[in-house]
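Below: the structure, in structure tokens.
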Amino acid sequence: MVHLLCRCGFSHTAIIEEDGNLAVIDVGSVGTALDIKFFIENKLGLSLTKVAYILITHFHIDHIAGLGRLLAFCPAHTRVFFHPRVQDYLNGTRSIPKMKNWKNCLWPAVFYSAAGVRRLGHFHFETLAGTPLPLLRLISHLPFPQERISYFDFTSSSVILPFFSAWRVIETPGHTEDSCSFFNTRSGELISGDWIVDFPGFGPRLNPFSQNWEVSRETFRRLKEEIRPQTIYPAHGRIITGREENVMSMVRQ
Ligand SMILES: [Fe+2]
């Protein structure tokens, strides 16, 4: 089952719980890491030793800037997973690409994302890595050993994580080149990161704030044929659900 933490900073965190094992998706700030710890211990009644994975939807600051702090609470076996493209950012051979459509998208995104900010810790970014602005795009330092990091292997037909057998990791490029989403083949739950969002007044839509809008649309067309999500959990905005057999049909492109 998916627990969505919506008031834990600039982006939501999703926690997948399967048979007592946990996977945390996105950690946007030090305050977010503390909120996740509180939720797991006090709401789920579990220990952070149950966190098998920290999965990252994409390498943007509002999704990664509390990773080190959460990892410090977790046992040595907890692994952080990124898209393989992130290797290039971390070893300095590539900086994160520029974003497009700032003019139309930045302010609604900042305004509605800021609704999740509840305390000072949500402004506490332990790194500026993943900031898609001139000069800052070059920063890629993460404050924990790279030995804790693994990369999804998209060369196999389907990426499956041990302990989470119903879940598939899917490449969803467009918002960023390293975007990943997570789909439960049994329950029809899709965790979409920033690829699909739903801000009040705008409705469910492909996120026009993207590195490559055409790629994003192509990803959508391809996946609409392949998967039939019944619920979409975006990293910003509201949960998307409806009576439709495939709620992708509710998403505007
Ligand atoms: Fe985001």
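Going by the structure tokens order, chains are called A, B, ..., each with residues numbered from 1, while ligands are numbered from 1 in the order shown.
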
- Message: Just list as a list in words whatever in segment 108-212 of chain A DSSP marks as helix (DSSP H, G or I).
- Response: Pro108, Ala109, Val110, Phe111, Tyr112, Ser113, Ala114, Ala115, Gly116, Leu120, Gly121, His122, Phe123, Leu136, Arg137, Leu138, Gln146, Glu147 and Arg148 of chain A

Could the residues in this selection be saved with N, CA, C and O atoms as a JSON list (two decimals), in the first residue's frame?
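Here's the written file result-v6.json:
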[["chain", "number", "residue", "atom", "x", "y", "z"],
["A", 108, "PRO", "N", 2.94, 28.87, -10.69],
["A", 108, "PRO", "CA", 1.96, 27.91, -10.14],
["A", 108, "PRO", "C", 2.63, 26.77, -9.39],
["A", 108, "PRO", "O", 2.17, 26.36, -8.31],
["A", 109, "ALA", "N", 3.76, 26.30, -9.93],
["A", 109, "ALA", "CA", 4.44, 25.17, -9.28],
["A", 109, "ALA", "C", 4.96, 25.57, -7.91],
["A", 109, "ALA", "O", 4.77, 24.85, -6.92],
["A", 110, "VAL", "N", 5.60, 26.75, -7.83],
["A", 110, "VAL", "CA", 6.14, 27.20, -6.54],
["A", 110, "VAL", "C", 4.99, 27.44, -5.56],
["A", 110, "VAL", "O", 5.04, 27.01, -4.40],
["A", 111, "PHE", "N", 3.94, 28.11, -6.03],
["A", 111, "PHE", "CA", 2.81, 28.46, -5.16],
["A", 111, "PHE", "C", 2.16, 27.21, -4.55],
["A", 111, "PHE", "O", 1.99, 27.11, -3.34],
["A", 112, "TYR", "N", 1.82, 26.24, -5.41],
["A", 112, "TYR", "CA", 1.12, 25.07, -4.89],
["A", 112, "TYR", "C", 2.05, 24.10, -4.16],
["A", 112, "TYR", "O", 1.64, 23.44, -3.22],
["A", 113, "SER", "N", 3.31, 24.06, -4.59],
["A", 113, "SER", "CA", 4.25, 23.18, -3.89],
["A", 113, "SER", "C", 4.55, 23.73, -2.50],
["A", 113, "SER", "O", 4.73, 22.96, -1.56],
["A", 114, "ALA", "N", 4.59, 25.06, -2.38],
["A", 114, "ALA", "CA", 4.88, 25.67, -1.08],
["A", 114, "ALA", "C", 3.78, 25.39, -0.07],
["A", 114, "ALA", "O", 4.00, 25.52, 1.14],
["A", 115, "ALA", "N", 2.61, 24.97, -0.54],
["A", 115, "ALA", "CA", 1.51, 24.63, 0.38],
["A", 115, "ALA", "C", 1.89, 23.46, 1.28],
["A", 115, "ALA", "O", 1.31, 23.28, 2.35],
["A", 116, "GLY", "N", 2.86, 22.68, 0.87],
["A", 116, "GLY", "CA", 3.30, 21.55, 1.69],
["A", 116, "GLY", "C", 4.35, 21.91, 2.71],
["A", 116, "GLY", "O", 4.73, 21.08, 3.54],
["A", 120, "LEU", "N", 10.44, 25.25, 9.34],
["A", 120, "LEU", "CA", 11.74, 25.72, 8.83],
["A", 120, "LEU", "C", 12.58, 24.61, 8.23],
["A", 120, "LEU", "O", 13.29, 24.81, 7.25],
["A", 121, "GLY", "N", 12.49, 23.42, 8.81],
["A", 121, "GLY", "CA", 13.28, 22.29, 8.31],
["A", 121, "GLY", "C", 13.01, 21.95, 6.86],
["A", 121, "GLY", "O", 13.85, 21.36, 6.19],
["A", 122, "HIS", "N", 11.84, 22.37, 6.37],
["A", 122, "HIS", "CA", 11.51, 22.11, 4.96],
["A", 122, "HIS", "C", 12.30, 23.01, 4.01],
["A", 122, "HIS", "O", 12.31, 22.80, 2.81],
["A", 123, "PHE", "N", 12.93, 24.07, 4.57],
["A", 123, "PHE", "CA", 13.83, 24.92, 3.76],
["A", 123, "PHE", "C", 15.28, 24.48, 3.92],
["A", 123, "PHE", "O", 16.17, 25.10, 3.35],
["A", 136, "LEU", "N", 24.40, 26.68, -10.86],
["A", 136, "LEU", "CA", 24.00, 25.69, -9.85],
["A", 136, "LEU", "C", 23.81, 24.30, -10.48],
["A", 136, "LEU", "O", 23.90, 23.28, -9.80],
["A", 137, "ARG", "N", 23.53, 24.28, -11.78],
["A", 137, "ARG", "CA", 23.36, 22.99, -12.48],
["A", 137, "ARG", "C", 24.62, 22.13, -12.42],
["A", 137, "ARG", "O", 24.57, 20.93, -12.64],
["A", 138, "LEU", "N", 25.76, 22.78, -12.14],
["A", 138, "LEU", "CA", 27.02, 22.05, -12.11],
["A", 138, "LEU", "C", 27.23, 21.32, -10.78],
["A", 138, "LEU", "O", 28.09, 20.44, -10.67],
["A", 146, "GLN", "N", 29.03, 7.26, -2.05],
["A", 146, "GLN", "CA", 28.39, 6.75, -3.27],
["A", 146, "GLN", "C", 28.19, 5.24, -3.23],
["A", 146, "GLN", "O", 27.42, 4.69, -4.01],
["A", 147, "GLU", "N", 28.88, 4.56, -2.30],
["A", 147, "GLU", "CA", 28.69, 3.10, -2.17],
["A", 147, "GLU", "C", 27.26, 2.75, -1.78],
["A", 147, "GLU", "O", 26.82, 1.61, -1.96],
["A", 148, "ARG", "N", 26.54, 3.72, -1.23],
["A", 148, "ARG", "CA", 25.14, 3.45, -0.84],
["A", 148, "ARG", "C", 24.20, 3.51, -2.04],
["A", 148, "ARG", "O", 23.01, 3.23, -1.91]]

- Item | Expected answer as a PyMOL selection string: residues within 8 Å of ligand 1, only C-alpha atoms and all ligand atoms | chain A and resi 10-11+60-63+193-194+235-236

- When distances are computed from only C-alpha atoms, which of A:Ser187, A:Gly242, A:Ile96, A:Tyr233 shows the smallest separation from His3 of chain A? A:Tyr233

Residues near segment 31-41 of chain A, cut-off 7 Å, only C-alpha atoms, skip fewer than 6 positions along chain, as a PDB file with N, CA, C and O atoms, in the first residue's frame:
ATOM      1  N   CYS A   8       5.074  17.659   3.718  1.00  0.00           N
ATOM      2  CA  CYS A   8       6.429  17.402   4.222  1.00  0.00           C
ATOM      3  C   CYS A   8       7.461  18.198   3.431  1.00  0.00           C
ATOM      4  O   CYS A   8       8.607  17.796   3.318  1.00  0.00           O
ATOM      5  N   GLY A   9       7.053  19.369   2.881  1.00  0.00           N
ATOM      6  CA  GLY A   9       8.000  20.200   2.154  1.00  0.00           C
ATOM      7  C   GLY A   9       7.487  20.522   0.761  1.00  0.00           C
ATOM      8  O   GLY A   9       6.290  20.471   0.497  1.00  0.00           O
ATOM      9  N   SER A  47       9.993   0.290  12.559  1.00  0.00           N
ATOM     10  CA  SER A  47      11.336   0.827  12.752  1.00  0.00           C
ATOM     11  C   SER A  47      11.925   1.189  11.384  1.00  0.00           C
ATOM     12  O   SER A  47      11.550   0.607  10.355  1.00  0.00           O
ATOM     13  N   LEU A  48      12.871   2.128  11.386  1.00  0.00           N
ATOM     14  CA  LEU A  48      13.511   2.483  10.104  1.00  0.00           C
ATOM     15  C   LEU A  48      14.418   1.378   9.585  1.00  0.00           C
ATOM     16  O   LEU A  48      14.897   1.457   8.450  1.00  0.00           O
ATOM     17  N   GLY A  66      17.200  15.887   1.141  1.00  0.00           N
ATOM     18  CA  GLY A  66      17.196  15.389   2.515  1.00  0.00           C
ATOM     19  C   GLY A  66      17.617  13.924   2.579  1.00  0.00           C
ATOM     20  O   GLY A  66      17.526  13.270   3.631  1.00  0.00           O
ATOM     21  N   ARG A  69      20.254  12.809   5.243  1.00  0.00           N
ATOM     22  CA  ARG A  69      19.750  12.767   6.619  1.00  0.00           C
ATOM     23  C   ARG A  69      18.891  11.524   6.833  1.00  0.00           C
ATOM     24  O   ARG A  69      19.012  10.841   7.839  1.00  0.00           O
ATOM     25  N   LEU A  70      18.040  11.197   5.867  1.00  0.00           N
ATOM     26  CA  LEU A  70      17.213   9.989   6.036  1.00  0.00           C
ATOM     27  C   LEU A  70      18.092   8.744   6.059  1.00  0.00           C
ATOM     28  O   LEU A  70      17.888   7.847   6.886  1.00  0.00           O
ATOM     29  N   GLY A 121      12.488  23.419   8.805  1.00  0.00           N
ATOM     30  CA  GLY A 121      13.282  22.289   8.309  1.00  0.00           C
ATOM     31  C   GLY A 121      13.012  21.949   6.861  1.00  0.00           C
ATOM     32  O   GLY A 121      13.853  21.359   6.186  1.00  0.00           O
ATOM     33  N   HIS A 122      11.844  22.371   6.368  1.00  0.00           N
ATOM     34  CA  HIS A 122      11.513  22.108   4.957  1.00  0.00           C
ATOM     35  C   HIS A 122      12.296  23.012   4.014  1.00  0.00           C
ATOM     36  O   HIS A 122      12.309  22.802   2.808  1.00  0.00           O
ATOM     37  N   HIS A 124      15.518  23.469   4.741  1.00  0.00           N
ATOM     38  CA  HIS A 124      16.885  23.043   5.031  1.00  0.00           C
ATOM     39  C   HIS A 124      17.308  21.999   3.988  1.00  0.00           C
ATOM     40  O   HIS A 124      16.991  20.821   4.091  1.00  0.00           O
TER      41      HIS A 124
END

- Distance criterion (only C-alpha atoms): nearest to Trp213 of chain A out of A:Met250, A:Met99, A:Val197, A:Leu55: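 Going through A:Met250, A:Met99, A:Val197, A:Leu55 one by one, the smallest distance to Trp213 of chain A is for A:Met99.
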
Identify, on the basis of only C-alpha atoms, every residue whose closest approach to His141 of chain A does not exceed 12 Å; exclude the query and any residue fewer than 4 positions from it along the same chain; express the result as a PDB file with C-alpha atoms, in the first residue's frame.
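This went into result-v2.pdb:
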ATOM      1  CA  PHE A  59      17.586  14.369  -9.696  1.00  0.00           C
ATOM      2  CA  ILE A  61      16.718  19.423  -5.399  1.00  0.00           C
ATOM      3  CA  ILE A  64      16.886  14.708  -3.087  1.00  0.00           C
ATOM      4  CA  ALA A  65      18.006  17.398  -0.624  1.00  0.00           C
ATOM      5  CA  LEU A  67      18.469  12.022   1.316  1.00  0.00           C
ATOM      6  CA  GLY A  68      21.639  12.004   3.423  1.00  0.00           C
ATOM      7  CA  VAL A  86      22.517  10.146 -12.590  1.00  0.00           C
ATOM      8  CA  GLN A  87      25.917   8.418 -12.631  1.00  0.00           C
ATOM      9  CA  TYR A  89      25.900  13.899 -12.928  1.00  0.00           C
ATOM     10  CA  LEU A  90      27.676  12.427  -9.921  1.00  0.00           C
ATOM     11  CA  ASN A  91      30.967  11.783 -11.704  1.00  0.00           C
ATOM     12  CA  GLY A  92      30.899  15.263 -13.265  1.00  0.00           C
ATOM     13  CA  SER A  95      25.295  18.565 -15.707  1.00  0.00           C
ATOM     14  CA  GLU A 126      21.663  19.606   2.770  1.00  0.00           C
ATOM     15  CA  THR A 127      22.938  20.078  -0.805  1.00  0.00           C
ATOM     16  CA  LEU A 128      22.185  22.373  -3.747  1.00  0.00           C
ATOM     17  CA  ALA A 129      22.679  19.452  -6.151  1.00  0.00           C
ATOM     18  CA  GLY A 130      19.805  19.098  -8.602  1.00  0.00           C
ATOM     19  CA  THR A 131      19.063  22.822  -8.903  1.00  0.00           C
ATOM     20  CA  LEU A 136      24.000  25.688  -9.848  1.00  0.00           C
ATOM     21  CA  ARG A 137      23.357  22.994 -12.476  1.00  0.00           C
ATOM     22  CA  PRO A 145      29.127   7.743   0.332  1.00  0.00           C
ATOM     23  CA  GLN A 146      28.391   6.750  -3.269  1.00  0.00           C
TER      24      GLN A 146
END

- Query: Can you tell me, as a ChimeraX atom specification, what residues are no more than 9 Å from Trp167 of chain A when counting only C-alpha atoms, ignoring any on the same chain fewer than 2 positions away?
  - Reply: /A:159-161,164-165,169,182-186

Please produce a file of those selected residues containing N, CA, C and O atoms, as a PDB file, in the first residue's frame.
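Result went into again22.pdb, see below:
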ATOM      1  N   VAL A 159      11.927  -3.851 -14.544  1.00  0.00           N
ATOM      2  CA  VAL A 159      12.724  -3.676 -13.333  1.00  0.00           C
ATOM      3  C   VAL A 159      11.854  -3.981 -12.111  1.00  0.00           C
ATOM      4  O   VAL A 159      10.840  -3.333 -11.875  1.00  0.00           O
ATOM      5  N   ILE A 160      12.254  -4.996 -11.369  1.00  0.00           N
ATOM      6  CA  ILE A 160      11.505  -5.435 -10.200  1.00  0.00           C
ATOM      7  C   ILE A 160      12.421  -5.331  -8.996  1.00  0.00           C
ATOM      8  O   ILE A 160      13.613  -5.654  -9.079  1.00  0.00           O
ATOM      9  N   LEU A 161      11.878  -4.880  -7.875  1.00  0.00           N
ATOM     10  CA  LEU A 161      12.681  -4.767  -6.660  1.00  0.00           C
ATOM     11  C   LEU A 161      12.344  -5.916  -5.719  1.00  0.00           C
ATOM     12  O   LEU A 161      11.163  -6.181  -5.474  1.00  0.00           O
ATOM     13  N   PHE A 164       9.235  -6.210  -3.193  1.00  0.00           N
ATOM     14  CA  PHE A 164       8.132  -5.410  -3.727  1.00  0.00           C
ATOM     15  C   PHE A 164       7.751  -5.964  -5.102  1.00  0.00           C
ATOM     16  O   PHE A 164       7.834  -5.274  -6.112  1.00  0.00           O
ATOM     17  N   SER A 165       7.327  -7.228  -5.114  1.00  0.00           N
ATOM     18  CA  SER A 165       7.239  -7.959  -6.377  1.00  0.00           C
ATOM     19  C   SER A 165       6.162  -7.422  -7.317  1.00  0.00           C
ATOM     20  O   SER A 165       6.242  -7.631  -8.526  1.00  0.00           O
ATOM     21  N   VAL A 169       9.461  -0.592 -11.962  1.00  0.00           N
ATOM     22  CA  VAL A 169      10.073   0.725 -12.148  1.00  0.00           C
ATOM     23  C   VAL A 169      10.039   1.025 -13.646  1.00  0.00           C
ATOM     24  O   VAL A 169      10.449   0.197 -14.458  1.00  0.00           O
ATOM     25  N   PHE A 182       6.769   4.591 -10.716  1.00  0.00           N
ATOM     26  CA  PHE A 182       6.663   3.279 -10.070  1.00  0.00           C
ATOM     27  C   PHE A 182       5.211   2.828 -10.176  1.00  0.00           C
ATOM     28  O   PHE A 182       4.301   3.561  -9.799  1.00  0.00           O
ATOM     29  N   PHE A 183       5.014   1.622 -10.706  1.00  0.00           N
ATOM     30  CA  PHE A 183       3.658   1.151 -10.996  1.00  0.00           C
ATOM     31  C   PHE A 183       3.412  -0.197 -10.339  1.00  0.00           C
ATOM     32  O   PHE A 183       4.224  -1.121 -10.472  1.00  0.00           O
ATOM     33  N   ASN A 184       2.279  -0.291  -9.634  1.00  0.00           N
ATOM     34  CA  ASN A 184       1.892  -1.547  -9.009  1.00  0.00           C
ATOM     35  C   ASN A 184       0.948  -2.295  -9.949  1.00  0.00           C
ATOM     36  O   ASN A 184      -0.173  -1.837 -10.211  1.00  0.00           O
ATOM     37  N   THR A 185       1.389  -3.423 -10.457  1.00  0.00           N
ATOM     38  CA  THR A 185       0.615  -4.163 -11.463  1.00  0.00           C
ATOM     39  C   THR A 185      -0.632  -4.811 -10.864  1.00  0.00           C
ATOM     40  O   THR A 185      -1.540  -5.187 -11.591  1.00  0.00           O
ATOM     41  N   ARG A 186      -0.669  -4.963  -9.543  1.00  0.00           N
ATOM     42  CA  ARG A 186      -1.855  -5.569  -8.904  1.00  0.00           C
ATOM     43  C   ARG A 186      -2.902  -4.519  -8.568  1.00  0.00           C
ATOM     44  O   ARG A 186      -4.077  -4.672  -8.869  1.00  0.00           O
TER      45      ARG A 186
END

- Give the strand (DSSP E or B) residues of segment 14-246 of chain A, as assigned by DSSP on the backbone, as a PyMOL selection string. chain A and resi 14-18+21-25+51-55+79-82+100+149-151+159-161+164-171+180-184+189-193+196-199+203-206+210+231-234+237+240-241

- Figure out the distance between atom CA of Ile25 of chain A and atom CA of Arg243 of chain A, please, to one decimal in Å.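 Answer for the atom CA of Arg243 of chain A to atom CA of Ile25 of chain A separation: 26.2 Å.
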
- Go through A:Gly45, A:Gly203, A:Ile170, A:Asp178 one by one, measure the shortest atom-to-atom distance of each to Asp88 of chain A using only C-alpha atoms, and give the residue with the smallest value.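 The shortest atom-to-atom distance to Asp88 of chain A comes from A:Asp178.
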